[in-house]
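Q: File follows, final_11.txt with compact mmCIF, C-alpha atoms:
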```txt
# COMPACT_ATOMS: atom_id res chain seq x y z
CA MET A 394 -26.46 -94.06 13.90
CA ASP A 395 -26.57 -90.68 12.19
CA ASN A 396 -26.70 -92.46 8.82
CA VAL A 397 -29.64 -94.57 9.99
CA LYS A 398 -31.51 -91.46 11.16
CA ALA A 399 -30.78 -89.69 7.86
CA ILE A 400 -31.95 -92.70 5.89
CA SER A 401 -35.20 -92.86 7.87
CA THR A 402 -35.83 -89.14 7.39
CA ASN A 403 -35.10 -89.34 3.67
CA LYS A 404 -37.30 -92.41 3.29
CA VAL A 405 -40.26 -90.61 4.90
CA THR A 406 -39.72 -87.61 2.61
CA LEU A 407 -39.53 -89.82 -0.48
CA GLU A 408 -42.60 -91.81 0.55
CA ASP A 409 -44.50 -88.52 0.94
CA GLU A 410 -43.33 -87.44 -2.51
CA ILE A 411 -44.50 -90.76 -3.96
CA ALA A 412 -47.93 -90.31 -2.37
CA ARG A 413 -48.20 -86.77 -3.77
CA GLY A 414 -47.00 -87.98 -7.16
CA LYS A 415 -49.60 -90.75 -7.24
CA ALA A 416 -52.32 -88.24 -6.35
CA ASN A 417 -51.14 -85.90 -9.12
CA LEU A 418 -51.04 -88.77 -11.58
CA GLU A 419 -54.59 -89.82 -10.69
CA LYS A 420 -55.77 -86.22 -11.09
CA LEU A 421 -54.15 -85.96 -14.54
CA GLN A 422 -55.62 -89.29 -15.61
CA LYS A 423 -59.09 -88.13 -14.52
CA GLN A 424 -58.65 -84.96 -16.56
CA TYR A 425 -57.57 -87.08 -19.51
CA LYS A 426 -60.68 -89.24 -19.21
CA GLN A 427 -62.84 -86.13 -18.86
CA ILE A 428 -61.61 -84.50 -22.05
CA TYR A 429 -62.05 -87.80 -23.85
CA GLU A 430 -65.65 -88.03 -22.60
CA ASP A 431 -66.23 -84.40 -23.60
CA LYS A 432 -64.92 -85.18 -27.10
CA LEU A 433 -67.15 -88.27 -27.40
CA ASN A 434 -70.16 -86.25 -26.27
CA GLU A 435 -69.18 -83.50 -28.73
CA LEU A 436 -68.85 -80.93 -25.94
CA ILE A 437 -65.45 -79.76 -27.19
CA PRO A 438 -64.13 -79.46 -30.75
CA GLU A 439 -61.51 -81.85 -32.12
CA PHE A 440 -58.69 -79.26 -32.19
CA LEU A 441 -59.20 -78.43 -28.49
CA PHE A 442 -59.24 -82.13 -27.60
CA LYS A 443 -55.95 -82.65 -29.45
CA GLU A 444 -54.31 -79.67 -27.70
CA LYS A 445 -55.46 -80.80 -24.26
CA LYS A 446 -54.52 -84.41 -25.00
CA ILE A 447 -50.96 -83.41 -25.96
CA GLU A 448 -50.67 -81.18 -22.88
CA LEU A 449 -51.91 -83.92 -20.55
CA ASP A 450 -49.72 -86.56 -22.22
CA LYS A 451 -46.66 -84.40 -21.47
CA LYS A 452 -47.71 -83.79 -17.86
CA ILE A 453 -48.42 -87.49 -17.29
CA LYS A 454 -45.08 -88.49 -18.79
CA ILE A 455 -43.22 -85.96 -16.60
CA GLU A 456 -45.06 -87.17 -13.49
CA GLU A 457 -44.32 -90.83 -14.30
CA GLU A 458 -40.63 -90.03 -14.81
CA LYS A 459 -40.54 -88.21 -11.46
CA MET A 460 -42.17 -91.21 -9.79
CA GLN A 461 -39.62 -93.61 -11.31
CA GLU A 462 -36.76 -91.39 -10.13
CA ILE A 463 -38.17 -91.14 -6.59
CA GLU A 464 -38.80 -94.89 -6.43
CA ALA A 465 -35.21 -95.54 -7.55
CA LYS A 466 -33.93 -93.28 -4.76
CA LEU A 467 -36.16 -95.07 -2.25
CA ASN A 468 -34.89 -98.47 -3.42
CA SER A 469 -31.34 -97.20 -3.06
CA LEU A 470 -32.03 -96.05 0.51
CA ASN A 471 -33.61 -99.42 1.33
CA LYS A 472 -30.48 -101.21 0.10
CA LEU A 473 -28.29 -98.85 2.12
CA GLU A 474 -30.43 -99.45 5.20
CA ASP A 475 -30.07 -103.20 4.70
CA LYS A 476 -26.28 -102.83 4.57
CA GLU A 477 -26.29 -100.77 7.75
CA ASP A 478 -28.35 -103.48 9.44
CA LEU A 479 -25.63 -105.96 8.45
CA VAL A 480 -22.97 -103.68 9.94
CA PHE A 481 -24.84 -103.39 13.25
CA LYS A 482 -25.34 -107.16 13.33
CA ALA A 483 -21.63 -107.69 12.73
CA ILE A 484 -20.78 -105.26 15.54
CA ASP A 485 -23.18 -107.03 17.89
CA ASP A 486 -21.60 -110.37 16.96
CA ILE A 487 -18.14 -108.94 17.70
CA LYS A 488 -19.37 -107.80 21.10
CA LYS A 489 -20.70 -111.31 21.82
CA ASN A 490 -18.01 -113.49 20.25
CA GLY A 491 -14.96 -111.26 20.30
CA LEU A 492 -12.85 -110.02 17.42
CA THR A 493 -12.32 -112.80 14.90
CA LYS A 494 -11.11 -112.88 11.33
CA GLU A 495 -14.63 -113.75 10.14
CA GLU A 496 -16.20 -110.82 11.97
CA LEU A 497 -13.61 -108.38 10.67
CA SER A 498 -14.09 -109.61 7.11
CA ARG A 499 -17.81 -108.81 7.39
CA LEU A 500 -16.97 -105.15 8.09
CA PHE A 501 -13.79 -104.43 6.14
CA ASP A 502 -12.47 -105.17 2.68
CA LYS A 503 -8.96 -104.46 3.75
CA ILE A 504 -6.89 -103.42 6.77
CA VAL A 505 -3.48 -102.04 5.84
CA VAL A 506 -0.68 -101.34 8.31
CA PHE A 507 1.69 -98.50 7.45
CA ASP A 508 4.99 -97.71 9.15
CA LYS A 509 6.09 -94.11 9.54
CA ASN A 510 6.90 -92.49 6.14
CA GLU A 511 5.79 -95.63 4.30
CA ILE A 512 2.53 -94.61 2.59
CA THR A 513 2.80 -93.27 -0.98
CA LYS A 514 0.68 -90.76 -2.91
CA GLU A 515 -0.61 -93.64 -5.06
CA GLU A 516 -1.84 -95.44 -1.95
CA LYS A 517 -3.47 -92.21 -0.77
CA ASP A 518 -5.56 -92.23 -3.95
CA LEU A 519 -6.08 -96.00 -3.89
CA TYR A 520 -7.51 -95.95 -0.36
CA ASN A 521 -9.45 -92.71 -0.87
CA LEU A 522 -7.64 -90.85 1.93
CA ASN A 523 -8.08 -87.14 2.47
CA ASN A 524 -5.00 -84.98 3.13
CA MET A 525 -5.38 -85.06 6.91
CA MET A 526 -5.60 -88.87 6.98
CA TYR A 527 -2.71 -89.22 4.54
CA ASN A 528 -0.49 -86.87 6.59
CA GLU A 529 -1.37 -88.73 9.79
CA LEU A 530 -0.37 -92.06 8.28
CA TYR A 531 2.75 -90.64 6.64
CA GLN A 532 4.01 -88.89 9.78
CA ASN A 533 3.03 -91.46 12.40
CA GLY A 534 2.19 -94.68 10.61
CA GLY A 535 -0.96 -96.52 11.56
CA LEU A 536 -3.83 -98.58 10.27
CA ALA A 537 -6.10 -97.86 7.32
CA PHE A 538 -9.46 -99.66 7.38
CA HIS A 539 -11.34 -99.88 4.10
CA LEU A 540 -15.01 -100.24 4.99
CA LYS A 541 -17.03 -102.84 3.12
CA PHE A 542 -20.47 -101.34 3.71
CA MET A 543 -22.18 -98.04 3.19
CA TYR A 544 -19.86 -95.50 1.66
CA PRO A 545 -16.60 -97.17 0.68
CA GLN A 546 -13.95 -95.16 2.43
CA THR A 547 -10.86 -95.62 4.49
CA ILE A 548 -10.53 -94.58 8.11
CA THR A 549 -7.28 -94.23 9.97
CA ASN A 550 -6.38 -94.87 13.57
CA ARG A 551 -6.92 -91.14 14.30
CA ARG A 552 -10.62 -91.32 13.29
CA MET A 553 -11.41 -94.54 15.18
```
Please lay out the structure from this file as structure tokens.

A:
Amino acid sequence: MDNVKAISTNKVTLEDEIARGKANLEKLQKQYKQIYEDKLNELIPEFLFKEKKIELDKKIKIEEEKMQEIEAKLNSLNKLEDKEDLVFKAIDDIKKNGLTKEELSRLFDKIVVFDKNEITKEEKDLYNLNNMMYNELYQNGGLAFHLKFMYPQTITNRRM
């Protein structure tokens, strides 16, 4: 739920940035048109037009690159939000239908059972376990769940 709230907050921030970026881009494009009109009407000399044109070209390019970057982040958040929706749907289905192999496979890539002292350092790295999780599994044994959605990570029975 915290992830969903964070995604929503970040999406609003990015959407605001996009709106500001579009406004800035429109302002720069109006300035560009204005200096072009001034040049055509011979209100400014050619050298000044060229300087202003180069300056505005750079500003427009920077603003467009910012917009592309922000839109990519927003798309990424939308995809993440879609995945979280799938997780919540899977959890709801588990509540309705019980715990089945199909429901578990929607949430987890892998569930590994470790006996006491069985887990190796290589498996620690393979399953992306932090030291606390690794020590818990090494000392007590337990289950490691590798999540399919959101941020691929492994959780142990201690963190469930």

Q: Considering all atoms listed in the file, state which residue in the set A:Glu456, A:Leu418, A:Phe501, A:Asn468 is at the smallest distance from A:Ile484.

A: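 Looking only at the distances to A:Ile484, the closest residue turns out to be A:Phe501.
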
Q: What does the distance from atom CA of A:Lys432 to atom CA of A:Asn417 come to in Å, to one decimal?

A: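 Those two atoms sit 22.7 Å apart.
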
Q: Please tell me which residues are no farther than 9 Å from (-2.8, -102.8, 9.9) in the file, counting all atoms listed in the file, and write them as a PyMOL selection string.

A: chain A and resi 503-507+535-538

Q: Between A:Ser498, A:Asn528, A:Ile463, A:Lys446, which has the minimum distance to A:Val480 (counting all atoms listed in the file)?

A: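 Comparing A:Ser498, A:Asn528, A:Ile463, A:Lys446 against A:Val480, the winner is A:Ser498.
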
Q: Using atom CA of A:Leu540 and atom CA of A:Thr402 as the two end points, give the distance in Å to one decimal.

A: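 Straight-line distance from atom CA of A:Leu540 to atom CA of A:Thr402 works out to 23.7 Å.
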
Q: Looking at all atoms listed in the file, which of A:Leu473, A:Met526, A:Ile487, A:Leu500 is the one that sits closest to A:Lys404?

A: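 Answer, going by the shortest atom-to-atom distance: A:Leu473.
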
Q: Given the choices A:Tyr520, A:Gly534, A:Glu408, A:Lys482, which gets closest to A:Leu470 if the distance is worked out from all atoms listed in the file?

A: A:Glu408

Q: Rounded to one decimal, what separation in Å do you get between atom CA of A:Asn403 and atom CA of A:Ile455?

A: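 Atom CA of A:Ile455 lies 22.1 Å from atom CA of A:Asn403.
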
Q: Taking into account only C-alpha atoms, which residue in the set A:Met525, A:Leu433, A:Leu530, A:Leu497 is nearest to A:Asn510?

A: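 Smallest separation from A:Asn510 among the options: A:Leu530.
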
Q: Identify which of the residues A:Asn524, A:Ser469, A:Asn434, A:Gln424 lies closest to A:Leu407, counting all atoms listed in the file when measuring atom-to-atom distances.

A: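 The answer is A:Ser469, which sits nearest to A:Leu407.
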
Q: Do you know which residues are at most 12 Å from A:Asp450 counting all atoms listed in the file, after dropping those on the same chain fewer than 3 positions away, and could you put them as JSON, numbers by chain?

A: {"A": [418, 421, 422, 424, 425, 426, 442, 443, 444, 445, 446, 447, 453, 454, 455, 456, 457]}

Q: If you keep C-alpha atoms, can you produce a file of those selected residues as a PDB file, in the frame of the given file?

A:
```pdb
ATOM      1  CA  LEU A 418     -51.040 -88.770 -11.580  1.00  0.00           C
ATOM      2  CA  LEU A 421     -54.150 -85.960 -14.540  1.00  0.00           C
ATOM      3  CA  GLN A 422     -55.620 -89.290 -15.610  1.00  0.00           C
ATOM      4  CA  GLN A 424     -58.650 -84.960 -16.560  1.00  0.00           C
ATOM      5  CA  TYR A 425     -57.570 -87.080 -19.510  1.00  0.00           C
ATOM      6  CA  LYS A 426     -60.680 -89.240 -19.210  1.00  0.00           C
ATOM      7  CA  PHE A 442     -59.240 -82.130 -27.600  1.00  0.00           C
ATOM      8  CA  LYS A 443     -55.950 -82.650 -29.450  1.00  0.00           C
ATOM      9  CA  GLU A 444     -54.310 -79.670 -27.700  1.00  0.00           C
ATOM     10  CA  LYS A 445     -55.460 -80.800 -24.260  1.00  0.00           C
ATOM     11  CA  LYS A 446     -54.520 -84.410 -25.000  1.00  0.00           C
ATOM     12  CA  ILE A 447     -50.960 -83.410 -25.960  1.00  0.00           C
ATOM     13  CA  ILE A 453     -48.420 -87.490 -17.290  1.00  0.00           C
ATOM     14  CA  LYS A 454     -45.080 -88.490 -18.790  1.00  0.00           C
ATOM     15  CA  ILE A 455     -43.220 -85.960 -16.600  1.00  0.00           C
ATOM     16  CA  GLU A 456     -45.060 -87.170 -13.490  1.00  0.00           C
ATOM     17  CA  GLU A 457     -44.320 -90.830 -14.300  1.00  0.00           C
TER      18      GLU A 457
END
```
